[in-house]
>>> print(open('work.txt').read())   # compact mmCIF, C-alpha atoms
# COMPACT_ATOMS: atom_id res chain seq x y z
CA MET A 14 81.96 100.94 135.83
CA LYS A 15 81.52 104.70 136.02
CA ILE A 16 83.86 107.49 136.99
CA VAL A 17 82.13 109.89 139.34
CA ILE A 18 83.70 113.35 139.31
CA THR A 19 82.85 115.71 142.11
CA ARG A 20 82.82 119.34 140.99
CA VAL A 21 83.40 122.54 142.95
CA ASP A 22 79.67 123.35 142.74
CA GLY A 23 79.00 120.17 144.73
CA GLY A 24 77.43 118.35 141.82
CA VAL A 25 78.79 115.27 140.08
CA SER A 26 79.61 114.38 136.53
CA ILE A 27 79.21 110.72 135.57
CA MET A 28 81.76 109.54 133.06
CA THR A 29 81.21 106.42 130.95
CA LEU A 30 84.28 104.85 129.36
CA VAL A 31 83.88 103.55 125.82
CA GLN A 32 85.10 100.17 124.61
CA GLN A 33 87.70 100.81 121.92
CA ARG A 34 88.41 99.23 118.55
CA PRO A 35 91.84 97.80 117.60
CA GLN A 36 94.29 100.45 116.41
CA GLU A 37 97.36 100.25 114.17
CA VAL A 38 100.68 100.91 115.85
CA VAL A 39 103.90 101.42 113.86
CA ASP A 40 107.11 101.04 115.85
CA GLU A 41 110.44 102.75 115.15
CA THR A 42 111.53 99.94 112.79
CA GLY A 43 108.42 100.36 110.66
CA GLU A 44 106.81 97.13 111.90
CA THR A 45 103.05 97.38 112.17
CA SER A 46 100.96 95.76 114.84
CA TRP A 47 97.43 96.09 116.15
CA VAL A 48 96.56 96.82 119.73
CA LEU A 49 93.29 97.16 121.59
CA PRO A 50 93.54 100.50 123.38
CA VAL A 51 92.76 100.44 127.05
CA ILE A 52 91.13 103.62 128.29
CA ASP A 53 92.88 105.00 131.34
CA PRO A 54 90.32 106.57 133.69
CA GLY A 55 92.94 108.99 134.97
CA GLU A 56 93.65 110.26 131.46
CA GLU A 57 89.94 110.64 130.75
CA VAL A 58 89.52 112.72 133.88
CA GLU A 59 92.44 114.89 132.75
CA LYS A 60 90.72 115.45 129.40
CA TRP A 61 87.53 116.39 131.22
CA LYS A 62 89.45 118.87 133.32
CA GLY A 63 90.59 120.53 130.10
CA THR A 64 87.07 121.56 129.17
CA HIS A 65 86.02 122.20 132.77
CA PRO A 66 88.90 124.23 134.18
CA GLY A 67 88.70 124.86 137.90
CA GLN A 68 85.67 122.62 138.40
CA TYR A 69 87.40 119.41 139.46
CA VAL A 70 87.48 118.39 143.11
CA SER A 71 87.91 114.62 143.13
CA HIS A 72 86.86 111.47 141.38
CA ARG A 73 86.35 107.81 142.13
CA GLU A 74 85.00 104.70 140.43
CA MET A 75 81.55 103.30 141.07
CA PRO A 76 79.64 100.32 139.70
CA ASP A 77 77.00 101.05 137.10
CA GLU A 78 74.21 100.12 139.49
CA ALA A 79 75.29 102.89 141.87
CA ILE A 80 74.02 105.49 139.41
CA PRO A 81 70.34 106.41 139.84
CA VAL A 82 68.05 105.62 136.99
CA ASP A 83 65.62 108.39 137.90
CA ARG A 84 67.07 111.65 136.59
CA SER A 85 64.30 113.90 137.81
CA GLN A 86 66.59 115.17 140.59
CA ARG A 87 69.74 115.09 138.51
CA HIS A 88 70.80 118.53 139.68
CA LEU A 89 70.82 117.26 143.26
CA TRP A 90 73.16 114.35 142.70
CA CYS A 91 76.31 114.44 144.79
CA ASP A 92 78.95 112.14 146.22
CA GLU A 93 79.13 112.98 149.87
CA THR A 94 79.01 109.69 151.76
CA PRO A 95 81.70 107.03 151.74
CA ASP A 96 79.23 104.55 150.30
CA PRO A 97 79.78 103.70 146.64
CA VAL A 98 76.49 105.25 145.61
CA ILE A 99 75.33 108.59 144.29
CA ASP A 100 73.77 110.64 147.02
CA ILE A 101 70.78 112.90 146.54
CA ARG A 102 71.31 116.20 148.25
CA LYS A 103 68.29 117.31 150.22
CA ALA A 104 66.90 120.56 148.99
CA MET B 7 166.59 46.50 64.06
CA ALA B 8 169.24 49.17 63.99
CA ARG B 9 167.38 51.45 66.51
CA ASN B 10 167.58 50.58 70.15
CA GLY B 11 163.93 51.40 71.07
CA SER B 12 164.74 54.95 72.13
CA GLY B 13 165.33 56.05 68.58
CA THR B 14 169.11 55.72 68.65
CA MET B 15 170.41 53.91 65.57
CA SER B 16 173.67 52.04 65.41
CA VAL B 17 175.59 50.60 62.42
CA VAL B 18 175.55 46.80 62.27
CA ASN B 19 178.85 46.29 60.48
CA THR B 20 181.79 48.59 60.78
CA PHE B 21 184.77 48.38 58.44
CA VAL B 22 188.41 48.91 59.28
CA ALA B 23 190.95 50.36 56.86
CA GLY B 24 193.02 47.66 55.13
CA ASN B 25 190.45 44.93 55.61
CA THR B 26 188.18 43.56 52.97
CA ILE B 27 184.63 45.02 52.80
CA THR B 28 182.40 42.12 52.08
CA ALA B 29 179.29 42.41 50.00
CA ALA B 30 177.29 40.74 52.70
CA GLY B 31 178.35 43.22 55.36
CA HIS B 32 177.86 46.18 53.04
CA ASN B 33 174.40 44.97 51.98
CA GLN B 34 173.38 44.26 55.56
CA ASN B 35 174.15 47.90 56.51
CA ASN B 36 172.24 49.27 53.51
CA THR B 37 169.26 46.98 54.22
CA ASP B 38 169.21 48.18 57.79
CA ILE B 39 169.36 51.85 56.75
CA ALA B 40 166.61 51.35 54.17
CA ALA B 41 164.40 49.68 56.74
CA GLU B 42 164.78 52.55 59.20
CA ILE B 43 164.18 55.18 56.50
CA THR B 44 160.98 53.34 55.65
CA ASN B 45 160.14 53.33 59.38
CA SER B 46 160.55 57.13 59.50
CA VAL B 47 157.96 59.83 58.62
CA ALA B 48 158.07 61.13 55.07
CA VAL B 49 157.68 64.92 55.15
CA ASP B 50 155.54 64.92 52.02
CA GLY B 51 152.73 63.07 53.78
CA GLN B 52 153.26 59.58 52.32
CA SER B 53 153.70 57.98 55.72
CA VAL B 54 151.01 56.93 58.15
CA MET B 55 151.98 56.86 61.80
CA THR B 56 151.78 53.48 63.49
CA GLY B 57 152.74 54.80 66.93
CA GLN B 58 152.55 57.98 69.00
CA ILE B 59 154.07 61.30 67.98
CA LYS B 60 156.05 62.35 71.01
CA ALA B 61 156.48 66.05 70.50
CA ALA B 62 158.53 68.36 72.66
CA ASN B 63 156.57 70.08 75.48
CA GLY B 64 156.96 73.40 73.79
CA THR B 65 155.84 76.71 75.25
CA VAL B 66 153.07 79.18 74.54
CA SER B 67 155.46 81.14 72.34
CA LEU B 68 157.08 78.05 70.76
CA PRO B 69 154.47 75.25 70.78
CA GLY B 70 155.70 71.65 70.54
CA ILE B 71 153.50 70.98 67.53
CA THR B 72 153.50 73.95 65.24
CA PHE B 73 153.79 75.04 61.65
CA GLY B 74 156.75 75.90 59.49
CA ALA B 75 155.38 79.33 58.58
CA ASP B 76 153.84 80.08 62.03
CA LEU B 77 156.13 78.83 64.74
CA ASP B 78 154.27 80.62 67.57
CA SER B 79 150.92 78.97 66.85
CA GLY B 80 150.15 75.37 67.71
CA LEU B 81 149.77 72.81 70.45
CA TYR B 82 151.93 72.70 73.56
CA ARG B 83 152.07 71.11 76.97
CA ILE B 84 151.22 73.52 79.82
CA GLY B 85 151.80 70.96 82.57
CA ALA B 86 150.73 67.55 83.77
CA GLY B 87 147.34 66.70 82.28
CA ASN B 88 147.08 70.18 80.80
CA ILE B 89 147.59 71.17 77.19
CA GLY B 90 147.07 74.43 75.43
CA PHE B 91 146.59 75.95 72.02
CA ALA B 92 148.59 79.04 71.22
CA VAL B 93 147.96 81.57 68.50
CA ASP B 94 150.59 84.19 67.83
CA GLY B 95 152.27 83.22 71.08
CA THR B 96 149.09 83.70 73.17
CA LYS B 97 147.07 80.94 74.78
CA VAL B 98 143.56 80.75 73.35
CA LEU B 99 142.48 77.32 74.58
CA ASP B 100 143.30 75.51 77.79
CA PHE B 101 142.31 71.87 78.26
CA SER B 102 142.60 70.18 81.62
CA THR B 103 140.74 67.82 83.90
CA VAL B 104 139.83 70.79 86.14
CA GLN B 105 138.34 72.95 83.43
CA ASN B 106 137.26 70.83 80.49
CA VAL B 107 137.63 73.80 78.23
CA ASN B 108 139.01 77.18 79.10
CA MET B 109 138.52 79.59 76.26
CA ILE B 110 140.36 82.79 76.84
CA PRO B 111 138.72 85.03 77.99
CA PHE B 112 135.44 83.05 78.00
CA GLN B 113 135.44 80.33 80.62
CA SER B 114 133.12 77.42 81.15
CA ASN B 115 133.46 74.98 84.00
CA GLY B 116 131.20 72.51 82.32
CA LEU B 117 131.02 70.89 78.97
CA LEU B 118 130.65 73.38 76.16
CA THR B 119 128.83 72.07 73.18
CA ALA B 120 129.04 74.26 70.15
CA ALA B 121 126.21 73.76 67.74
CA LEU B 122 125.36 75.29 64.44
CA GLY B 123 124.46 78.93 64.84
CA ILE B 124 126.43 79.55 68.01
CA ALA B 125 129.36 81.91 67.80
CA VAL B 126 131.88 82.72 70.47
CA SER B 127 134.02 85.78 70.19
CA ALA B 128 135.63 88.16 72.64
CA GLY B 129 133.93 86.49 75.54
CA VAL B 130 130.44 86.71 74.02
CA ILE B 131 128.27 83.79 72.96
CA THR B 132 125.78 84.75 70.30
CA ASN B 133 122.92 82.74 69.01
CA ALA B 134 120.06 82.91 66.57
CA VAL B 135 117.20 85.30 67.32
CA GLY B 136 114.66 82.54 67.77
CA ALA B 137 110.92 82.96 68.05
CA VAL B 138 108.25 82.46 70.65
CA ALA B 139 107.43 79.06 69.17
CA ALA B 140 111.08 78.13 68.72
CA PRO B 141 113.29 79.93 71.22
CA SER B 142 116.99 80.06 70.43
CA PHE B 143 118.06 79.00 73.94
CA THR B 144 115.96 75.96 74.68
CA PHE B 145 116.04 72.41 76.00
CA THR B 146 116.21 68.93 74.63
CA GLY B 147 112.75 67.46 74.49
CA ASP B 148 111.08 70.85 75.10
CA LEU B 149 111.99 72.99 72.13
CA ASP B 150 109.15 75.49 72.53
CA CYS B 151 110.32 76.47 76.00
CA GLY B 152 113.19 78.89 76.43
CA MET B 153 114.54 82.35 75.70
CA TYR B 154 114.30 84.31 72.46
CA ARG B 155 114.73 87.83 71.13
CA ILE B 156 111.48 89.73 70.64
CA GLY B 157 113.10 92.81 69.13
CA ALA B 158 115.68 95.49 69.79
CA ASN B 159 116.51 95.54 73.51
CA ASN B 160 113.66 93.19 74.15
CA ILE B 161 113.88 89.54 75.12
CA GLY B 162 111.23 87.05 76.01
CA LEU B 163 110.76 83.77 77.80
CA ALA B 164 108.42 81.29 76.18
CA VAL B 165 106.70 78.31 77.74
CA ASN B 166 104.89 75.84 75.51
CA GLY B 167 105.27 78.25 72.59
CA ALA B 168 103.62 81.18 74.38
CA LYS B 169 105.29 84.27 75.83
CA VAL B 170 105.16 84.40 79.61
CA LEU B 171 107.84 87.00 80.29
CA ASP B 172 108.71 90.14 78.32
CA ILE B 173 111.81 92.05 79.37
CA ALA B 174 112.45 95.46 77.85
CA THR B 175 113.97 98.78 78.82
CA THR B 176 110.53 99.84 80.04
CA GLY B 177 110.34 96.99 82.52
CA LEU B 178 109.20 93.45 83.02
CA GLY B 179 105.94 92.22 81.58
CA VAL B 180 104.29 89.04 82.79
CA THR B 181 101.59 87.15 80.96
CA GLY B 182 99.58 85.13 83.43
CA THR B 183 99.81 85.11 87.18
CA LEU B 184 102.84 86.51 88.95
CA ALA B 185 103.30 84.53 92.15
CA SER B 186 105.89 85.22 94.77
CA THR B 187 106.43 83.88 98.25
CA GLY B 188 108.54 86.93 99.02
CA ALA B 189 107.96 90.63 98.69
CA ILE B 190 107.32 92.24 95.31
CA SER B 191 108.63 95.77 95.17
CA GLY B 192 109.06 98.36 92.48
CA THR B 193 108.61 101.99 91.64
CA THR B 194 105.75 101.21 89.30
CA ILE B 195 103.78 97.96 89.29
CA THR B 196 100.91 97.76 86.83
CA GLY B 197 98.64 95.01 85.69
CA THR B 198 95.55 94.50 83.59
CA GLY B 199 94.50 91.75 85.94
CA ALA B 200 94.33 91.62 89.70
CA ILE B 201 97.40 92.25 91.83
CA SER B 202 97.04 90.09 94.89
CA GLY B 203 99.18 89.19 97.84
CA ALA B 204 99.12 88.55 101.53
CA THR B 205 100.11 92.10 102.40
CA ALA B 206 101.27 95.32 100.78
CA ALA B 207 104.14 97.37 102.11
CA GLY B 208 106.59 100.13 101.30
CA ALA B 209 105.76 103.04 99.05
CA MET B 210 102.67 101.20 97.75
CA VAL B 211 100.95 101.98 101.01
CA ALA B 212 99.87 105.51 101.80
CA THR B 213 101.51 107.05 104.85
CA GLN B 214 99.71 109.19 107.39
CA ALA B 215 101.17 112.28 105.70
CA GLN B 216 99.94 111.17 102.27
CA MET B 217 96.50 110.47 103.69
CA GLU B 218 96.39 113.90 105.28
CA THR B 219 97.48 115.54 102.02
CA GLY B 220 94.76 113.58 100.29
CA THR B 221 95.98 114.06 96.72
CA ALA B 222 97.82 110.85 95.80
CA THR B 223 96.01 108.63 93.31
CA ASP B 224 98.60 105.88 92.97
CA THR B 225 98.86 104.39 96.46
CA LEU B 226 96.90 101.87 98.46
CA VAL B 227 94.93 103.06 101.46
CA PRO B 228 95.40 100.66 104.39
CA ILE B 229 92.55 100.06 106.77
CA GLY B 230 94.45 101.48 109.68
CA ARG B 231 95.20 104.81 107.99
CA GLN B 232 92.07 105.70 106.04
CA HIS B 233 90.84 107.83 108.94
CA PHE B 234 93.78 110.21 108.43
CA HIS B 235 92.15 111.56 105.27
CA PRO B 236 90.89 115.11 105.95
CA LEU B 237 87.39 114.21 104.79
CA HIS B 238 87.19 111.23 107.13
CA PRO B 239 85.67 111.74 110.58
CA LYS B 240 88.21 111.23 113.32
CA ALA B 241 85.54 110.43 115.85
CA TRP B 242 81.81 109.83 115.78
CA CYS B 243 79.15 108.27 117.92
CA ASN B 244 75.50 107.95 118.65
CA PHE B 245 74.72 107.86 122.34
CA ASN B 246 71.59 107.59 124.40
CA GLY B 247 71.31 110.68 126.56
CA THR B 248 68.19 109.75 128.47
CA GLY B 249 70.11 108.15 131.30
CA THR B 250 73.73 108.19 132.16
CA PRO B 251 74.90 108.37 128.56
CA ALA B 252 75.82 105.13 126.91
CA ILE B 253 77.29 104.86 123.46
CA THR B 254 75.07 102.99 121.04
CA VAL B 255 77.64 102.91 118.27
CA GLY B 256 80.75 104.89 117.45
CA SER B 257 84.48 105.11 117.08
CA GLY B 258 87.23 107.39 118.28
CA VAL B 259 85.37 108.47 121.40
CA SER B 260 86.93 107.36 124.67
CA SER B 261 84.31 108.56 127.13
CA ILE B 262 81.06 110.47 127.50
CA THR B 263 80.41 112.34 130.71
CA ASP B 264 77.01 113.28 132.02
CA ASN B 265 77.43 116.62 133.78
CA GLY B 266 73.73 117.08 134.31
CA VAL B 267 70.51 117.17 132.35
CA GLY B 268 71.34 117.97 128.72
CA ASP B 269 74.98 118.55 129.63
CA TYR B 270 77.68 116.29 128.20
CA THR B 271 81.43 116.21 127.80
CA VAL B 272 82.86 114.13 124.97
CA ASN B 273 86.48 112.89 125.13
CA PHE B 274 88.37 111.69 122.04
CA THR B 275 90.47 108.52 122.04
CA THR B 276 93.18 110.27 120.03
CA ALA B 277 93.76 113.96 120.53
CA PHE B 278 93.63 116.30 117.56
CA SER B 279 96.75 118.28 116.78
CA THR B 280 94.96 121.43 117.92
CA ALA B 281 91.58 122.46 119.32
CA ASN B 282 90.72 123.74 115.85
CA TYR B 283 88.69 120.81 114.62
CA GLY B 284 85.14 120.67 113.35
CA VAL B 285 82.23 119.09 115.22
CA GLN B 286 78.86 118.24 113.80
CA ALA B 287 76.30 117.47 116.52
CA ASN B 288 72.58 117.06 116.65
CA ALA B 289 69.99 115.20 118.66
CA GLY B 290 66.85 113.28 117.96
CA SER B 291 63.34 113.79 119.25
CA THR B 292 61.81 112.06 122.23
CA ALA B 293 59.16 109.40 121.86
CA ALA B 294 56.63 112.11 122.64
CA GLY B 295 57.80 114.06 119.62
CA VAL B 296 59.72 116.71 121.51
CA GLY B 297 62.47 117.92 119.23
CA SER B 298 65.98 118.77 120.33
CA PHE B 299 68.74 121.12 119.41
CA VAL B 300 72.36 121.17 120.37
CA THR B 301 74.78 123.87 121.37
CA LEU B 302 78.51 123.39 121.60
CA ASP B 303 81.14 124.65 124.00
CA ARG B 304 78.82 125.66 126.79
CA ASN B 305 76.71 124.14 129.51
CA PRO B 306 72.91 124.49 129.62
CA SER B 307 73.31 127.52 131.87
CA GLY B 308 75.26 129.30 129.21
CA VAL B 309 78.70 129.07 130.78
CA PHE B 310 81.29 128.93 128.04
CA SER B 311 83.63 125.93 127.91
CA ALA B 312 86.55 126.18 125.51
CA PRO B 313 87.18 122.94 123.63
CA THR B 314 90.56 121.26 123.92
CA ALA B 315 92.35 118.98 121.45
CA SER B 316 90.91 115.97 123.24
CA SER B 317 87.56 117.09 124.64
CA PHE B 318 84.56 119.37 124.16
CA GLN B 319 81.32 120.13 125.99
CA MET B 320 77.85 120.23 124.50
CA SER B 321 74.32 120.93 125.68
CA THR B 322 70.97 119.68 124.45
CA PHE B 323 67.64 121.46 124.77
CA ALA B 324 64.09 120.67 123.94
CA VAL B 325 62.90 122.88 121.11
CA GLY B 326 61.43 125.93 122.77
CA GLY B 327 62.14 124.53 126.19
CA ALA B 328 64.72 123.73 128.79
CA ALA B 329 67.68 121.41 128.81
CA HIS B 330 66.71 117.81 128.36
CA ASP B 331 68.20 114.40 127.62
CA PRO B 332 67.46 113.26 124.06
CA PRO B 333 67.32 109.56 123.29
CA ARG B 334 69.71 109.87 120.37
CA VAL B 335 72.62 112.28 120.34
CA HIS B 336 74.91 112.25 117.33
CA ILE B 337 78.35 113.74 117.07
CA ALA B 338 81.08 113.59 114.44
CA ALA B 339 84.41 115.42 114.42
CA TRP B 340 86.86 116.20 111.61
CA GLY B 341 90.34 117.58 111.87
CA ASP B 342 94.02 116.76 111.93
CA PHE B 343 95.64 114.18 114.16
CA ALA B 344 99.09 114.85 115.53
>>> encode(input="work.txt", output="structure tokens")
Amino acid sequence: MKIVITRVDGGVSIMTLVQQRPQEVVDETGETSWVLPVIDPGEEVEKWKGTHPGQYVSHREMPDEAIPVDRSQRHLWCDETPDPVIDIRKA
Amino acid sequence: MARNGSGTMSVVNTFVAGNTITAAGHNQNNTDIAAEITNSVAVDGQSVMTGQIKAANGTVSLPGITFGADLDSGLYRIGAGNIGFAVDGTKVLDFSTVQNVNMIPFQSNGLLTAALGIAVSAGVITNAVGAVAAPSFTFTGDLDCGMYRIGANNIGLAVNGAKVLDIATTGLGVTGTLASTGAISGTTITGTGAISGATAAGAMVATQAQMETGTATDTLVPIGRQHFHPLHPKAWCNFNGTGTPAITVGSGVSSITDNGVGDYTVNFTTAFSTANYGVQANAGSTAAGVGSFVTLDRNPSGVFSAPTASSFQMSTFAVGGAAHDPPRVHIAAWGDFA
């Protein structure tokens, strides 16, 4: 699953979430436990916004196979149709 | 018998004034008196008792059985089934069915067996020093197992003639394996052998703050906190940038975003405390041998992108060329976690 972020320049950024390792969590009583962090797509988009201020328009999830393999026209990728695929803007 | 069984004696023959006193009557009285004197206790110790001595109950200050020169020391009856010994009018021993022996002030609720070498005074039982092969406090049938005195302020426990425990003002020393099903805690725990256990806790284990200070040399570093050390990367990864980036291997990175050719945004799983962290990044060559270099905090067009505590942008270029997607992009970040 990918997060497709539409930017103000009309292009898209394709975010890949990363499977996490277990992390130690210490509660207020000092008890330690291990949890497998679940990456929240919304939080990841917020982080992205931090380094790309003013560039965010929208985002949505797409299956991996919706992302083109051919990157020769990468600068023309966009998300303009309702279909869950990356569109290629015509030059 | 002239006594009536309760100790009261009566005269067999009485004589009345004016009557004749017969020899037989006179002799019968004297015989009776002589018999009862013989039946009495001679104070000089000639007599041997043939029955019980029924002394007065007495009191702690005037015991029932006492001594002519020390009338406040002796044996007395405290109550039913309870007798005491008094010395100078003070109880020093108390015998009863409840407490076999009650030595004042020392008390024992069980049977106290005094053996040669044991002394009891002022509530303290003292014993011989003993030795590791022959402890002074030991057990029937196992005389090389018990407690002994090693030296001044130093006692030991021996098992089978060998010291297994050494207790001194400096602490507790154990010879052999120390096993515990509960927690073992202490300010200082040392050993010449291995210290093992299911888990370690408390001050033995370095805290996040100690890891970040990075100077302690006497604490354990738990797996889940080693990354807090300032020299430890907080995040690293190797991702393939030739397509939509996919992490090959890494930790501490929550997402990689492909913004375009040679244009990536890296998000951290855990935010740094500030945006002032260090990033080391580089990229490998393509299969065709085209080298790569990396720039941080900008896109390939040269637009600056300030890093945040949880994210930064990077660009990759072919050496001497335009932005491109290297097959291997490496990043590592160091800094302080909140």
>>> interface_residues(input="work.txt", of="chain B", to="chain A", cutoff="9 Å", atoms="all atoms listed in the file", output="PyMOL selection string")
chain B and resi 229-231+248-253+257-267+270-275+303+311-319
>>> write_last_selection(input="work.txt", atoms="C-alpha atoms", output="PDB file, in the frame of the given file")
ATOM      1  CA  ILE B 229      92.550 100.060 106.770  1.00  0.00           C
ATOM      2  CA  GLY B 230      94.450 101.480 109.680  1.00  0.00           C
ATOM      3  CA  ARG B 231      95.200 104.810 107.990  1.00  0.00           C
ATOM      4  CA  THR B 248      68.190 109.750 128.470  1.00  0.00           C
ATOM      5  CA  GLY B 249      70.110 108.150 131.300  1.00  0.00           C
ATOM      6  CA  THR B 250      73.730 108.190 132.160  1.00  0.00           C
ATOM      7  CA  PRO B 251      74.900 108.370 128.560  1.00  0.00           C
ATOM      8  CA  ALA B 252      75.820 105.130 126.910  1.00  0.00           C
ATOM      9  CA  ILE B 253      77.290 104.860 123.460  1.00  0.00           C
ATOM     10  CA  SER B 257      84.480 105.110 117.080  1.00  0.00           C
ATOM     11  CA  GLY B 258      87.230 107.390 118.280  1.00  0.00           C
ATOM     12  CA  VAL B 259      85.370 108.470 121.400  1.00  0.00           C
ATOM     13  CA  SER B 260      86.930 107.360 124.670  1.00  0.00           C
ATOM     14  CA  SER B 261      84.310 108.560 127.130  1.00  0.00           C
ATOM     15  CA  ILE B 262      81.060 110.470 127.500  1.00  0.00           C
ATOM     16  CA  THR B 263      80.410 112.340 130.710  1.00  0.00           C
ATOM     17  CA  ASP B 264      77.010 113.280 132.020  1.00  0.00           C
ATOM     18  CA  ASN B 265      77.430 116.620 133.780  1.00  0.00           C
ATOM     19  CA  GLY B 266      73.730 117.080 134.310  1.00  0.00           C
ATOM     20  CA  VAL B 267      70.510 117.170 132.350  1.00  0.00           C
ATOM     21  CA  TYR B 270      77.680 116.290 128.200  1.00  0.00           C
ATOM     22  CA  THR B 271      81.430 116.210 127.800  1.00  0.00           C
ATOM     23  CA  VAL B 272      82.860 114.130 124.970  1.00  0.00           C
ATOM     24  CA  ASN B 273      86.480 112.890 125.130  1.00  0.00           C
ATOM     25  CA  PHE B 274      88.370 111.690 122.040  1.00  0.00           C
ATOM     26  CA  THR B 275      90.470 108.520 122.040  1.00  0.00           C
ATOM     27  CA  ASP B 303      81.140 124.650 124.000  1.00  0.00           C
ATOM     28  CA  SER B 311      83.630 125.930 127.910  1.00  0.00           C
ATOM     29  CA  ALA B 312      86.550 126.180 125.510  1.00  0.00           C
ATOM     30  CA  PRO B 313      87.180 122.940 123.630  1.00  0.00           C
ATOM     31  CA  THR B 314      90.560 121.260 123.920  1.00  0.00           C
ATOM     32  CA  ALA B 315      92.350 118.980 121.450  1.00  0.00           C
ATOM     33  CA  SER B 316      90.910 115.970 123.240  1.00  0.00           C
ATOM     34  CA  SER B 317      87.560 117.090 124.640  1.00  0.00           C
ATOM     35  CA  PHE B 318      84.560 119.370 124.160  1.00  0.00           C
ATOM     36  CA  GLN B 319      81.320 120.130 125.990  1.00  0.00           C
TER      37      GLN B 319
END
>>> residues_around(input="work.txt", residues="range 210-227 of chain B", least_positions_apart="3", cutoff="12 Å", atoms="all atoms listed in the file", output="VMD selection string")
(chain A and resid 37 to 39 43) or (chain B and resid 189 to 196 201 205 to 207 230 to 238 240 340 to 344)
>>> residues_around(input="work.txt", residues="range 35-52 of chain B", least_positions_apart="6", cutoff="12 Å", atoms="only C-alpha atoms", output="PyMOL selection string")
chain B and resi 7-11+13-21+27-29+58-59+74
>>> atom_distance(input="work.txt", atom1="CA of Val180 in chain B", atom2="CA of Arg155 in chain B")
15.7 Å
>>> axis_aligned_box(input="work.txt", around="range 193-202 of chain B", padding_each_side="6 Å", output="AutoDock Vina command-line options")
--center_x 101.5 --center_y 96.0 --center_z 89.2 --size_x 26.3 --size_y 23.9 --size_z 23.3
>>> decode(input="work.txt", residues="range 30-72 of chain A", atoms="C-alpha atoms", output="CSV table (one decimal), in the first residue's frame")
chain,number,residue,atom,x,y,z
A,30,LEU,CA,5.4,2.9,4.9
A,31,VAL,CA,8.1,0.9,6.6
A,32,GLN,CA,7.5,-2.2,8.7
A,33,GLN,CA,8.6,-1.5,12.2
A,34,ARG,CA,10.5,-3.5,14.8
A,35,PRO,CA,9.2,-4.1,18.4
A,36,GLN,CA,9.9,-1.2,20.7
A,37,GLU,CA,10.2,-1.1,24.5
A,38,VAL,CA,7.5,0.8,26.3
A,39,VAL,CA,7.7,1.7,30.0
A,40,ASP,CA,4.4,2.6,31.7
A,41,GLU,CA,4.0,5.0,34.7
A,42,THR,CA,4.5,2.1,37.2
A,43,GLY,CA,7.8,1.3,35.6
A,44,GLU,CA,6.6,-1.9,34.0
A,45,THR,CA,8.2,-2.7,30.7
A,46,SER,CA,6.5,-4.2,27.7
A,47,TRP,CA,7.2,-4.6,24.0
A,48,VAL,CA,4.9,-3.3,21.3
A,49,LEU,CA,5.1,-3.5,17.5
A,50,PRO,CA,4.5,0.1,16.4
A,51,VAL,CA,1.9,0.6,13.8
A,52,ILE,CA,2.7,3.4,11.4
A,53,ASP,CA,-0.2,5.8,11.1
A,54,PRO,CA,-0.4,7.1,7.5
A,55,GLY,CA,-1.9,10.3,8.7
A,56,GLU,CA,1.0,11.0,11.0
A,57,GLU,CA,3.5,10.2,8.2
A,58,VAL,CA,1.8,12.7,6.0
A,59,GLU,CA,2.0,15.3,8.8
A,60,LYS,CA,5.7,14.6,9.0
A,61,TRP,CA,6.1,15.0,5.3
A,62,LYS,CA,4.2,18.3,5.5
A,63,GLY,CA,6.8,19.5,7.9
A,64,THR,CA,9.6,19.4,5.4
A,65,HIS,CA,7.4,20.4,2.5
A,66,PRO,CA,5.5,23.4,3.9
A,67,GLY,CA,2.7,24.7,1.7
A,68,GLN,CA,3.1,21.9,-0.9
A,69,TYR,CA,0.3,19.6,0.4
A,70,VAL,CA,-3.0,19.4,-1.4
A,71,SER,CA,-4.4,16.0,-0.5
A,72,HIS,CA,-3.5,12.4,-0.1
